[in-house]
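Enquirer: Before I ask anything, here is the structure I am working with.
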4 protein chains.
Amino acid sequence: MDKTGRGRPRSERARLAVLEAAADLLIEGGMTAATMEAIAARAGVGKATIYKWWPSRGHVALDSFFMRTKTTIAVEAGASLEEALTAKIGALAGLLRDPATGPLMREIVAVAQSDPDIRSALEERWVRPRRVAAEQVLREAAERGELRADVDFAAALDQLFAPLYYRLLFGHEPLDERLAETLVRQVIGGIAASQAW
Amino acid sequence: MDKTGRGRPRSERARLAVLEAAADLLIEGGMTAATMEAIAARAGVGKATIYKWWPSRGHVALDSFFMRTKTTIAVEAGASLEEALTAKIGALAGLLRDPATGPLMREIVAVAQSDPDIRSALEERWVRPRRVAAEQVLREAAERGELRADVDFAAALDQLFAPLYYRLLFGHEPLDERLAETLVRQVIGGIAASQAW
Amino acid sequence: MDKTGRGRPRSERARLAVLEAAADLLIEGGMTAATMEAIAARAGVGKATIYKWWPSRGHVALDSFFMRTKTTIAVEAGASLEEALTAKIGALAGLLRDPATGPLMREIVAVAQSDPDIRSALEERWVRPRRVAAEQVLREAAERGELRADVDFAAALDQLFAPLYYRLLFGHEPLDERLAETLVRQVIGGIAASQAW
Amino acid sequence: MDKTGRGRPRSERARLAVLEAAADLLIEGGMTAATMEAIAARAGVGKATIYKWWPSRGHVALDSFFMRTKTTIAVEAGASLEEALTAKIGALAGLLRDPATGPLMREIVAVAQSDPDIRSALEERWVRPRRVAAEQVLREAAERGELRADVDFAAALDQLFAPLYYRLLFGHEPLDERLAETLVRQVIGGIAASQAW
DNA sequence: TCTTAAACGAGACGGTACGTCTAGTCTTCTA
DNA sequence: TAGAAGACTAGACGTACCGTCTCGTTTAAGA
């Protein structure tokens with residue numbers, strides 16, 4: 001019935017060592033280097049301990065990413081639409097640009113393509129909360145009459161967030177500091193000469 | 001030295017069998033299923049033959065994707081900016097939505113994250129040509145005075161193309177048929193109520 | 001320092017449960033099945049408790065064998081040489097033929113080959129007492145003048161006991177009921193036609 | 001149909017390296033040391049190669065024993081019963097006494113107790129041929145009228161062979177050089193004072 | 001009766017070896 | 001000389017036990 005405190009409790013030391021080792025290996029050599037054996041060896045942990053608490057390498061990677069990403073998705077009070085969005089997109093860009101977290105995200109997106117479990121976890125725990133927060137900003141602007149009536153919020157959010165991942169994954173353009181501002185400006189105001197619209 | 005057709009010529013049958021087998025396996029079970037052994041077995045080909053002509057699984061996957069993607073990046077003559085962009089983005093969306101090619105692209109993006117060779121090949125042979133063509137459309141519109149002077153072309157292209165990959169890879173929203181049109185409209189005209197800008 | 005019975009005394013229940021569980025598992029599936037974890041689980045005992053009282057699986061097996069073998073090595077008074085020996089060899093044969101003890105002995109002999117501790121314990125606690133008792137019978141017969149002067153007692157004992165283990169371990173012939181009598185008869189009288197000797 | 005010479009042929013080098021490595025490891029540290037990993041590492045061979053050609057460690061051990069045991073079970077022509085038997089038993093005793101083969105046999109007998117496959121292979125390929133050859137010697141003596149009519153051949157063979165394995169496995173007495181002669185003498189002539197029989 | 005300390009069950013821990021799978025290479029025969 | 005077959009070394013996979021280590025929980029002797 002009551003299973004409280006039966007047996008040796010889980011080792012917090014081991015948990016952290018695994019996540020740190022995984023993060024380090026992922027940054028150094030990606031998923032190729034971050035084998036279960038390598039993670040276990042570097043963490044000074046038995047392989048079975050890892051398998052006991054995480055069902056796959058992907059889950060370890062995901063958790064190690066979250067461990068290294070203590071961001072808050074705060075809503076900025078009293079900020080203009082443009083300011084609020086720029087703050088959010090800029091923060092994410094900084095994270096993806098950071099050599100301590102960007103490479104992790106790249107690997108996680110990769111494993112997510114062959115692991116539906118990771119894919120949905122990534123969507124629910126990472127992508128969605130940020131989109132929901134940004135959508136809230138957009139909706140408030142809409143209520144203030146600052147947006148067109150026919151705005152497609154989902155598409156607008158994609159146009160703000162997607163370029164960051166696109167550049168991270170394909171590497172065709174750098175994730176520089178002014179990108180967030182540019183993206184916000186162009187999605188709010190458009191790129192057409194004003195008289196044309 | 002002498003490259004005259006001495007000896008048995010390369011088997012076109014084998015080349016195609018490998019690419020078809022790889023594509024099928026990738027669609028059925030992703031990179032996990034598309035092992036070299038599985039590809040060789042299904043293609044009725046020796047493993048060594050594959051290694052002789054392709055340096056890695058990623059390259060086979062990339063080639064199999066191109067084999068299944070006989071698209072032309074034609075420049076539409078006499079089309080408006082909006083029409084031209086919608087045609088391009090829509091075509092790509094269709095390709096990524098197609099169950100015969102979308103899953104291939106997902107797997108290729110995944111392997112590209114741990115194989116710089118694939119990553120650059122993907123960028124040069126796939127991403128760049130489409131961006132160059134679309135940029136050409138934008139530049140012509142700019143010359144016609146249809147665009148603002150401060151447009152960031154790279155960012156604009158990202159805002160058109162990135163959402164497609166974003167949705168393909170993360171699956172948070174469907175790649176539906178009207179997406180291209182929406183993206184084009186919003187990036188050209190912006191989402192702000194007109195008087196505000 | 002003070003070894004007064006402070007603290008909880010050793011659980012006799014646990015001791016017996018371990019030996020019973022080990023014996024059962026050994027009979028069912030040999031050493032392969034009788035893992036420490038399986039013994040502990042079946043006995044309803046913590047693994048550490050087993051390690052506290054027995055240094056290895058082999059020792060548990062040996063003890064479980066002795067627990068199931070409550071034989072007396074009684075000296076038969078007033079029996080002839082042949083009767084006394086047949087009684088002893090027959091008793092051992094019966095024990096090794098018994099499905100409740102024979103398989104245990106097989107496994108113990110096996111572990112003894114890679115554990116010198118078990119090997120010497122087996123020799124001292126099991127083999128030697130029986131040999132000493134049987135040798136006593138032989139020596140008394142020799143004092144009565146019933147044996148040749150050049151008898152090698154050790155070899156004679158081997159010729160009585162060894163065939164039982166030989167058949168148990170190699171299985172080339174059954175350990176049937178008349179074996180003891182035959183062994184005794186042949187080692188005492190020899191197999192040669194009488195005139196030849 | 002005809003599978004002649006298709007593919008790379010089996011490597012004789014690997015086969016021998018495995019058997020040598022296994023034999024060495026078995027002698028040095030028994031089955032505990034002769035893990036598949038250790039054998040593979042010492043032989044400079046992949047583990048899969050071992051599993052491809054041998055179903056278990058026991059089979060490798062058995063084969064390595066046979067490799068190190070190039071004995072002939074020749075039938076000595078024109079020898080007396082006693083000479084013929086002493087030659088055979090003495091040869092086997094020498095082999096079991098040899099530090100290069102005796103320890104191997106000990107380990108093989110041990111694994112045979114938990115692997116029926118090994119047990120039957122050992123019986124058929126090792127024990128039986130020697131017993132058959134020795135039984136032939138006995139039967140010829142019987143035809144010459146040198147043996148009693150009621151001789152139990154199987155038991156007699158056990159009384160000749162079993163003591164060797166008994167001493168090898170239990171270690172209670174040494175396998176010295178005169179043992180064969182003593183065993184033969186006592187089983188043929190018996191140990192009783194002649195007048196008693 | 002209350003303290004106290006050893007023994008207990010449960011079960012997590014760092015390891016080692018298991019037997020399997022795939023990678024990428026090599027060697028043979030065949031076309 | 002390219003290719004199909006398939007054996008090779010190497011090494012990661014996920015599992016099973018090993019023997020050790022905490023935990024909270026008995027259990028009886030001694031205070």
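In the structure tokens, chains take the letters A, B, ... in the order shown, each chain's residues start at 1, and ligands count up from 1 in the order shown.
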Please produce chain D as a PDB file with C-alpha atoms, in the first residue's frame once it has been superposed on chain A, the fit using all Cα atoms paired in sequence order.

Expert:
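Resulting contents of part.pdb:
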ATOM      1  CA  MET D   1      -0.319   0.736  -0.226  1.00  0.00           C
ATOM      2  CA  ASP D   2       1.939   3.341   1.146  1.00  0.00           C
ATOM      3  CA  LYS D   3       5.190   3.181  -0.708  1.00  0.00           C
ATOM      4  CA  THR D   4       6.717   6.118   1.030  1.00  0.00           C
ATOM      5  CA  GLY D   5      10.449   6.129   1.285  1.00  0.00           C
ATOM      6  CA  ARG D   6      10.894   2.402   0.712  1.00  0.00           C
ATOM      7  CA  GLY D   7      14.341   1.577  -0.570  1.00  0.00           C
ATOM      8  CA  ARG D   8      17.199   3.808  -1.515  1.00  0.00           C
ATOM      9  CA  PRO D   9      15.994   7.080  -2.965  1.00  0.00           C
ATOM     10  CA  ARG D  10      16.894   8.216  -6.457  1.00  0.00           C
ATOM     11  CA  SER D  11      20.303   9.824  -6.681  1.00  0.00           C
ATOM     12  CA  GLU D  12      20.092  13.485  -7.622  1.00  0.00           C
ATOM     13  CA  ARG D  13      23.832  13.390  -8.193  1.00  0.00           C
ATOM     14  CA  ALA D  14      23.438  10.754 -10.888  1.00  0.00           C
ATOM     15  CA  ARG D  15      20.565  12.611 -12.537  1.00  0.00           C
ATOM     16  CA  LEU D  16      22.549  15.799 -12.883  1.00  0.00           C
ATOM     17  CA  ALA D  17      25.734  14.034 -13.925  1.00  0.00           C
ATOM     18  CA  VAL D  18      23.872  12.345 -16.774  1.00  0.00           C
ATOM     19  CA  LEU D  19      22.332  15.573 -18.041  1.00  0.00           C
ATOM     20  CA  GLU D  20      25.609  17.471 -17.842  1.00  0.00           C
ATOM     21  CA  ALA D  21      27.527  14.701 -19.563  1.00  0.00           C
ATOM     22  CA  ALA D  22      24.924  14.428 -22.285  1.00  0.00           C
ATOM     23  CA  ALA D  23      24.894  18.174 -22.905  1.00  0.00           C
ATOM     24  CA  ASP D  24      28.685  18.305 -23.090  1.00  0.00           C
ATOM     25  CA  LEU D  25      28.914  15.383 -25.455  1.00  0.00           C
ATOM     26  CA  LEU D  26      26.141  16.733 -27.652  1.00  0.00           C
ATOM     27  CA  ILE D  27      27.897  20.041 -28.004  1.00  0.00           C
ATOM     28  CA  GLU D  28      31.254  18.434 -28.646  1.00  0.00           C
ATOM     29  CA  GLY D  29      30.225  15.858 -31.166  1.00  0.00           C
ATOM     30  CA  GLY D  30      26.474  15.747 -31.577  1.00  0.00           C
ATOM     31  CA  MET D  31      24.356  12.642 -31.317  1.00  0.00           C
ATOM     32  CA  THR D  32      27.145  10.605 -32.894  1.00  0.00           C
ATOM     33  CA  ALA D  33      29.321  11.240 -29.873  1.00  0.00           C
ATOM     34  CA  ALA D  34      26.575  11.177 -27.274  1.00  0.00           C
ATOM     35  CA  THR D  35      26.147   7.433 -27.149  1.00  0.00           C
ATOM     36  CA  MET D  36      24.603   5.922 -24.078  1.00  0.00           C
ATOM     37  CA  GLU D  37      27.932   4.316 -23.268  1.00  0.00           C
ATOM     38  CA  ALA D  38      29.785   7.603 -23.555  1.00  0.00           C
ATOM     39  CA  ILE D  39      27.234   9.448 -21.449  1.00  0.00           C
ATOM     40  CA  ALA D  40      27.347   6.764 -18.772  1.00  0.00           C
ATOM     41  CA  ALA D  41      31.128   6.707 -18.764  1.00  0.00           C
ATOM     42  CA  ARG D  42      31.525  10.459 -18.552  1.00  0.00           C
ATOM     43  CA  ALA D  43      28.831  10.774 -15.907  1.00  0.00           C
ATOM     44  CA  GLY D  44      30.357   7.942 -13.874  1.00  0.00           C
ATOM     45  CA  VAL D  45      27.019   6.212 -13.958  1.00  0.00           C
ATOM     46  CA  GLY D  46      25.810   2.754 -14.926  1.00  0.00           C
ATOM     47  CA  LYS D  47      24.018   2.467 -18.227  1.00  0.00           C
ATOM     48  CA  ALA D  48      21.080   0.810 -16.504  1.00  0.00           C
ATOM     49  CA  THR D  49      20.575   3.892 -14.378  1.00  0.00           C
ATOM     50  CA  ILE D  50      20.090   6.005 -17.480  1.00  0.00           C
ATOM     51  CA  TYR D  51      17.667   3.555 -19.023  1.00  0.00           C
ATOM     52  CA  LYS D  52      15.783   3.431 -15.748  1.00  0.00           C
ATOM     53  CA  TRP D  53      14.928   7.109 -15.800  1.00  0.00           C
ATOM     54  CA  TRP D  54      14.950   8.005 -19.485  1.00  0.00           C
ATOM     55  CA  PRO D  55      13.443   5.852 -22.212  1.00  0.00           C
ATOM     56  CA  SER D  56      15.865   6.922 -24.922  1.00  0.00           C
ATOM     57  CA  ARG D  57      18.819   9.100 -25.806  1.00  0.00           C
ATOM     58  CA  GLY D  58      16.422  11.632 -27.233  1.00  0.00           C
ATOM     59  CA  HIS D  59      14.758  12.111 -23.878  1.00  0.00           C
ATOM     60  CA  VAL D  60      18.100  12.605 -22.189  1.00  0.00           C
ATOM     61  CA  ALA D  61      19.010  15.183 -24.809  1.00  0.00           C
ATOM     62  CA  LEU D  62      15.703  16.973 -24.370  1.00  0.00           C
ATOM     63  CA  ASP D  63      16.068  17.095 -20.601  1.00  0.00           C
ATOM     64  CA  SER D  64      19.653  18.259 -20.853  1.00  0.00           C
ATOM     65  CA  PHE D  65      18.480  21.061 -23.129  1.00  0.00           C
ATOM     66  CA  PHE D  66      15.846  22.152 -20.632  1.00  0.00           C
ATOM     67  CA  MET D  67      18.388  21.970 -17.817  1.00  0.00           C
ATOM     68  CA  ARG D  68      20.637  24.385 -19.684  1.00  0.00           C
ATOM     69  CA  THR D  69      17.731  26.648 -20.592  1.00  0.00           C
ATOM     70  CA  LYS D  70      16.341  28.354 -17.552  1.00  0.00           C
ATOM     71  CA  THR D  71      14.406  30.950 -19.482  1.00  0.00           C
ATOM     72  CA  THR D  72      11.253  32.628 -18.378  1.00  0.00           C
ATOM     73  CA  ILE D  73       8.507  33.316 -20.850  1.00  0.00           C
ATOM     74  CA  ALA D  74       7.448  36.414 -18.960  1.00  0.00           C
ATOM     75  CA  VAL D  75       4.812  38.724 -20.376  1.00  0.00           C
ATOM     76  CA  GLU D  76       6.142  42.230 -20.558  1.00  0.00           C
ATOM     77  CA  ALA D  77       3.658  44.652 -19.067  1.00  0.00           C
ATOM     78  CA  GLY D  78       3.088  47.989 -20.725  1.00  0.00           C
ATOM     79  CA  ALA D  79       5.135  47.236 -23.788  1.00  0.00           C
ATOM     80  CA  SER D  80       4.057  48.034 -27.308  1.00  0.00           C
ATOM     81  CA  LEU D  81       3.286  45.224 -29.712  1.00  0.00           C
ATOM     82  CA  GLU D  82       6.578  45.679 -31.474  1.00  0.00           C
ATOM     83  CA  GLU D  83       8.594  45.867 -28.261  1.00  0.00           C
ATOM     84  CA  ALA D  84       6.925  42.815 -26.763  1.00  0.00           C
ATOM     85  CA  LEU D  85       7.445  40.670 -29.866  1.00  0.00           C
ATOM     86  CA  THR D  86      11.011  41.822 -30.396  1.00  0.00           C
ATOM     87  CA  ALA D  87      11.830  40.933 -26.807  1.00  0.00           C
ATOM     88  CA  LYS D  88      10.462  37.428 -27.202  1.00  0.00           C
ATOM     89  CA  ILE D  89      11.968  36.665 -30.592  1.00  0.00           C
ATOM     90  CA  GLY D  90      15.253  38.241 -29.584  1.00  0.00           C
ATOM     91  CA  ALA D  91      15.465  36.105 -26.447  1.00  0.00           C
ATOM     92  CA  LEU D  92      14.898  32.944 -28.448  1.00  0.00           C
ATOM     93  CA  ALA D  93      17.398  34.021 -31.089  1.00  0.00           C
ATOM     94  CA  GLY D  94      19.961  34.584 -28.359  1.00  0.00           C
ATOM     95  CA  LEU D  95      19.355  31.132 -27.028  1.00  0.00           C
ATOM     96  CA  LEU D  96      19.685  29.453 -30.412  1.00  0.00           C
ATOM     97  CA  ARG D  97      22.795  31.500 -31.146  1.00  0.00           C
ATOM     98  CA  ASP D  98      24.376  30.480 -27.840  1.00  0.00           C
ATOM     99  CA  PRO D  99      26.974  27.737 -28.432  1.00  0.00           C
ATOM    100  CA  ALA D 100      25.833  26.123 -25.186  1.00  0.00           C
ATOM    101  CA  THR D 101      22.236  25.650 -26.278  1.00  0.00           C
ATOM    102  CA  GLY D 102      21.937  26.086 -30.029  1.00  0.00           C
ATOM    103  CA  PRO D 103      23.739  22.850 -30.920  1.00  0.00           C
ATOM    104  CA  LEU D 104      21.542  20.993 -28.435  1.00  0.00           C
ATOM    105  CA  MET D 105      18.420  22.234 -30.150  1.00  0.00           C
ATOM    106  CA  ARG D 106      19.788  21.214 -33.535  1.00  0.00           C
ATOM    107  CA  GLU D 107      20.366  17.652 -32.332  1.00  0.00           C
ATOM    108  CA  ILE D 108      16.986  17.480 -30.656  1.00  0.00           C
ATOM    109  CA  VAL D 109      15.185  18.561 -33.787  1.00  0.00           C
ATOM    110  CA  ALA D 110      17.131  15.891 -35.630  1.00  0.00           C
ATOM    111  CA  VAL D 111      16.153  13.046 -33.307  1.00  0.00           C
ATOM    112  CA  ALA D 112      12.590  14.362 -33.205  1.00  0.00           C
ATOM    113  CA  GLN D 113      12.288  13.486 -36.890  1.00  0.00           C
ATOM    114  CA  SER D 114      12.621   9.799 -36.137  1.00  0.00           C
ATOM    115  CA  ASP D 115      11.085   9.721 -32.656  1.00  0.00           C
ATOM    116  CA  PRO D 116       7.450  10.818 -32.486  1.00  0.00           C
ATOM    117  CA  ASP D 117       7.640  10.845 -28.718  1.00  0.00           C
ATOM    118  CA  ILE D 118      10.406  13.418 -28.734  1.00  0.00           C
ATOM    119  CA  ARG D 119       8.700  15.354 -31.461  1.00  0.00           C
ATOM    120  CA  SER D 120       5.497  15.779 -29.492  1.00  0.00           C
ATOM    121  CA  ALA D 121       7.359  16.488 -26.271  1.00  0.00           C
ATOM    122  CA  LEU D 122       9.368  19.164 -28.033  1.00  0.00           C
ATOM    123  CA  GLU D 123       6.239  20.681 -29.481  1.00  0.00           C
ATOM    124  CA  GLU D 124       4.342  20.647 -26.203  1.00  0.00           C
ATOM    125  CA  ARG D 125       7.070  21.619 -23.796  1.00  0.00           C
ATOM    126  CA  TRP D 126       9.031  24.037 -25.932  1.00  0.00           C
ATOM    127  CA  VAL D 127       7.341  25.291 -29.068  1.00  0.00           C
ATOM    128  CA  ARG D 128       3.779  25.649 -27.865  1.00  0.00           C
ATOM    129  CA  PRO D 129       4.350  27.656 -24.662  1.00  0.00           C
ATOM    130  CA  ARG D 130       6.320  30.235 -26.615  1.00  0.00           C
ATOM    131  CA  ARG D 131       3.741  30.419 -29.330  1.00  0.00           C
ATOM    132  CA  VAL D 132       0.927  30.735 -26.829  1.00  0.00           C
ATOM    133  CA  ALA D 133       2.677  33.592 -25.076  1.00  0.00           C
ATOM    134  CA  ALA D 134       3.374  35.401 -28.327  1.00  0.00           C
ATOM    135  CA  GLU D 135      -0.129  34.796 -29.572  1.00  0.00           C
ATOM    136  CA  GLN D 136      -1.425  36.426 -26.399  1.00  0.00           C
ATOM    137  CA  VAL D 137       0.533  39.531 -27.302  1.00  0.00           C
ATOM    138  CA  LEU D 138      -0.956  39.512 -30.787  1.00  0.00           C
ATOM    139  CA  ARG D 139      -4.494  39.038 -29.557  1.00  0.00           C
ATOM    140  CA  GLU D 140      -4.189  41.912 -27.160  1.00  0.00           C
ATOM    141  CA  ALA D 141      -2.985  44.101 -30.020  1.00  0.00           C
ATOM    142  CA  ALA D 142      -5.919  42.925 -32.091  1.00  0.00           C
ATOM    143  CA  GLU D 143      -8.296  43.890 -29.304  1.00  0.00           C
ATOM    144  CA  ARG D 144      -6.722  47.327 -29.290  1.00  0.00           C
ATOM    145  CA  GLY D 145      -7.487  47.519 -33.002  1.00  0.00           C
ATOM    146  CA  GLU D 146      -3.861  47.501 -34.029  1.00  0.00           C
ATOM    147  CA  LEU D 147      -4.164  44.546 -36.357  1.00  0.00           C
ATOM    148  CA  ARG D 148      -6.037  43.781 -39.530  1.00  0.00           C
ATOM    149  CA  ALA D 149      -9.188  41.788 -39.186  1.00  0.00           C
ATOM    150  CA  ASP D 150      -8.017  38.995 -41.470  1.00  0.00           C
ATOM    151  CA  VAL D 151      -4.762  38.204 -39.694  1.00  0.00           C
ATOM    152  CA  ASP D 152      -3.808  34.527 -39.604  1.00  0.00           C
ATOM    153  CA  PHE D 153      -2.257  34.291 -36.161  1.00  0.00           C
ATOM    154  CA  ALA D 154      -0.685  30.890 -36.686  1.00  0.00           C
ATOM    155  CA  ALA D 155       1.005  32.031 -39.878  1.00  0.00           C
ATOM    156  CA  ALA D 156       2.134  35.250 -38.262  1.00  0.00           C
ATOM    157  CA  LEU D 157       3.694  33.331 -35.385  1.00  0.00           C
ATOM    158  CA  ASP D 158       5.450  31.080 -37.879  1.00  0.00           C
ATOM    159  CA  GLN D 159       6.824  34.115 -39.677  1.00  0.00           C
ATOM    160  CA  LEU D 160       8.290  35.322 -36.411  1.00  0.00           C
ATOM    161  CA  PHE D 161       9.640  32.080 -34.984  1.00  0.00           C
ATOM    162  CA  ALA D 162      10.351  29.878 -37.994  1.00  0.00           C
ATOM    163  CA  PRO D 163      13.215  31.926 -39.459  1.00  0.00           C
ATOM    164  CA  LEU D 164      15.227  31.363 -36.295  1.00  0.00           C
ATOM    165  CA  TYR D 165      15.033  27.567 -36.529  1.00  0.00           C
ATOM    166  CA  TYR D 166      15.440  27.729 -40.309  1.00  0.00           C
ATOM    167  CA  ARG D 167      18.758  29.549 -39.973  1.00  0.00           C
ATOM    168  CA  LEU D 168      19.852  27.328 -37.086  1.00  0.00           C
ATOM    169  CA  LEU D 169      19.168  24.145 -39.015  1.00  0.00           C
ATOM    170  CA  PHE D 170      20.218  25.078 -42.542  1.00  0.00           C
ATOM    171  CA  GLY D 171      22.918  27.599 -41.781  1.00  0.00           C
ATOM    172  CA  HIS D 172      22.313  29.615 -44.918  1.00  0.00           C
ATOM    173  CA  GLU D 173      22.301  32.909 -43.002  1.00  0.00           C
ATOM    174  CA  PRO D 174      23.643  33.867 -39.576  1.00  0.00           C
ATOM    175  CA  LEU D 175      21.419  34.287 -36.539  1.00  0.00           C
ATOM    176  CA  ASP D 176      22.586  37.819 -35.917  1.00  0.00           C
ATOM    177  CA  GLU D 177      21.410  40.230 -33.262  1.00  0.00           C
ATOM    178  CA  ARG D 178      19.265  42.456 -35.432  1.00  0.00           C
ATOM    179  CA  LEU D 179      17.296  39.595 -36.932  1.00  0.00           C
ATOM    180  CA  ALA D 180      14.524  39.708 -34.315  1.00  0.00           C
ATOM    181  CA  GLU D 181      13.884  43.355 -34.858  1.00  0.00           C
ATOM    182  CA  THR D 182      13.804  42.954 -38.643  1.00  0.00           C
ATOM    183  CA  LEU D 183      11.424  40.019 -38.497  1.00  0.00           C
ATOM    184  CA  VAL D 184       9.030  41.846 -36.219  1.00  0.00           C
ATOM    185  CA  ARG D 185       9.113  44.992 -38.291  1.00  0.00           C
ATOM    186  CA  GLN D 186       8.459  43.173 -41.542  1.00  0.00           C
ATOM    187  CA  VAL D 187       5.704  40.966 -40.280  1.00  0.00           C
ATOM    188  CA  ILE D 188       3.881  43.853 -38.662  1.00  0.00           C
ATOM    189  CA  GLY D 189       4.341  46.436 -41.364  1.00  0.00           C
ATOM    190  CA  GLY D 190       4.922  44.272 -44.371  1.00  0.00           C
ATOM    191  CA  ILE D 191       7.508  44.864 -47.036  1.00  0.00           C
ATOM    192  CA  ALA D 192       5.337  46.635 -49.577  1.00  0.00           C
ATOM    193  CA  ALA D 193       5.678  50.306 -50.275  1.00  0.00           C
ATOM    194  CA  SER D 194       2.961  51.806 -48.123  1.00  0.00           C
ATOM    195  CA  GLN D 195       0.856  53.284 -50.885  1.00  0.00           C
ATOM    196  CA  ALA D 196       0.443  49.921 -52.495  1.00  0.00           C
ATOM    197  CA  TRP D 197      -1.517  48.647 -49.543  1.00  0.00           C
TER     198      TRP D 197
END

Enquirer: Write out as CSV a residue-level contact list of chain F versus chain D with cut-off 10 Å: for each qualifying residue the closest pair of atoms and the distance in Å to one decimal, counting only C-alpha atoms (C1' of nucleotides), rows sorted by chain and residue number upward.

Expert:
residue,atom,partner,partner_atom,distance
F:DA4,C1',D:Gly7,CA,8.1
F:DA5,C1',D:Gly7,CA,4.3
F:DG6,C1',D:Gly7,CA,4.4
F:DA7,C1',D:Arg8,CA,5.4
F:DC8,C1',D:Thr49,CA,7.7
F:DT9,C1',D:Gly46,CA,5.3
F:DA10,C1',D:Gly46,CA,6.8
F:DG11,C1',D:Gly46,CA,9.4

Enquirer: Next, write the just-selected residues to a file, as a tab-separated table (two decimals), in the first residue's frame, keeping N, CA and C atoms (P, O5', C5', C4', C3', O3' and C1' of nucleotides) as the atom set.

Expert:
chain	number	residue	atom	x	y	z
F	4	DA	P	25.14	-5.49	-57.75
F	4	DA	O5'	25.29	-6.95	-57.14
F	4	DA	C5'	24.97	-8.06	-57.96
F	4	DA	C4'	25.19	-9.34	-57.18
F	4	DA	C3'	24.57	-9.36	-55.79
F	4	DA	O3'	24.01	-10.65	-55.60
F	4	DA	C1'	26.91	-9.69	-55.61
F	5	DA	P	23.33	-11.06	-54.23
F	5	DA	O5'	24.53	-11.73	-53.44
F	5	DA	C5'	25.13	-12.90	-53.99
F	5	DA	C4'	26.20	-13.39	-53.05
F	5	DA	C3'	25.77	-13.45	-51.58
F	5	DA	O3'	25.92	-14.79	-51.15
F	5	DA	C1'	27.88	-12.37	-51.82
F	6	DG	P	25.32	-15.26	-49.73
F	6	DG	O5'	26.49	-14.91	-48.73
F	6	DG	C5'	27.76	-15.50	-48.92
F	6	DG	C4'	28.78	-14.77	-48.09
F	6	DG	C3'	28.32	-14.49	-46.63
F	6	DG	O3'	29.40	-14.78	-45.78
F	6	DG	C1'	29.21	-12.61	-47.56
F	7	DA	P	29.22	-15.86	-44.60
F	7	DA	O5'	30.64	-15.77	-43.87
F	7	DA	C5'	31.81	-16.06	-44.60
F	7	DA	C4'	32.95	-15.17	-44.15
F	7	DA	C3'	33.01	-14.94	-42.64
F	7	DA	O3'	34.35	-15.11	-42.18
F	7	DA	C1'	32.96	-12.85	-43.78
F	8	DC	P	34.69	-15.00	-40.68
F	8	DC	O5'	35.21	-13.50	-40.56
F	8	DC	C5'	36.48	-13.18	-41.13
F	8	DC	C4'	36.71	-11.68	-41.06
F	8	DC	C3'	36.61	-11.09	-39.65
F	8	DC	O3'	37.88	-11.14	-39.05
F	8	DC	C1'	35.61	-9.68	-41.31
F	9	DT	P	37.92	-10.87	-37.48
F	9	DT	O5'	37.96	-9.28	-37.35
F	9	DT	C5'	39.13	-8.56	-37.76
F	9	DT	C4'	38.94	-7.08	-37.49
F	9	DT	C3'	38.86	-6.70	-36.01
F	9	DT	O3'	39.56	-5.48	-35.83
F	9	DT	C1'	36.89	-6.01	-37.09
F	10	DA	P	39.76	-4.85	-34.37
F	10	DA	O5'	38.49	-3.91	-34.22
F	10	DA	C5'	38.34	-2.81	-35.11
F	10	DA	C4'	37.07	-2.06	-34.78
F	10	DA	C3'	36.85	-1.85	-33.27
F	10	DA	O3'	36.79	-0.45	-33.05
F	10	DA	C1'	34.87	-2.63	-34.35
F	11	DG	P	36.83	0.14	-31.57
F	11	DG	O5'	35.30	0.37	-31.27
F	11	DG	C5'	34.52	1.16	-32.16
F	11	DG	C4'	33.06	0.99	-31.82
F	11	DG	C3'	32.77	1.02	-30.31
F	11	DG	O3'	31.55	1.71	-30.12
F	11	DG	C1'	31.79	-0.84	-31.25

Enquirer: Give me, as a PyMOL selection string, the residues of chain E touching chain B, with the criterion being at most 12 Å (counting only C-alpha atoms (C1' of nucleotides)).

Expert: chain E and resi 21-27+31

Enquirer: Using Å and a single decimal, report how far C1' of DT20 (chain F) sits from C1' of DT16 (chain E).

Expert: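 Interatomic distance, C1' of DT16 (chain E) to C1' of DT20 (chain F): 14.6 Å.
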
Enquirer: Would you mind writing down, as a PyMOL selection string, each residue of region 10-147 of chain D that DSSP on the backbone assigns to helix (DSSP H, G or I)?

Expert: chain D and resi 12-33+36-43+47-53+57-67+81-97+102-112+116-143

Enquirer: I'd like the interatomic distance between C1' of DT15 (chain F) and C1' of DC8 (chain E), to a tenth of an Å.

Expert: 28.7 Å

Enquirer: Would you work out the distance separating C1' of DC21 (chain F) from C1' of DA17 (chain E), expressed in Å to one decimal?

Expert: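 Going from C1' of DC21 (chain F) over to C1' of DA17 (chain E), I get 22.2 Å.
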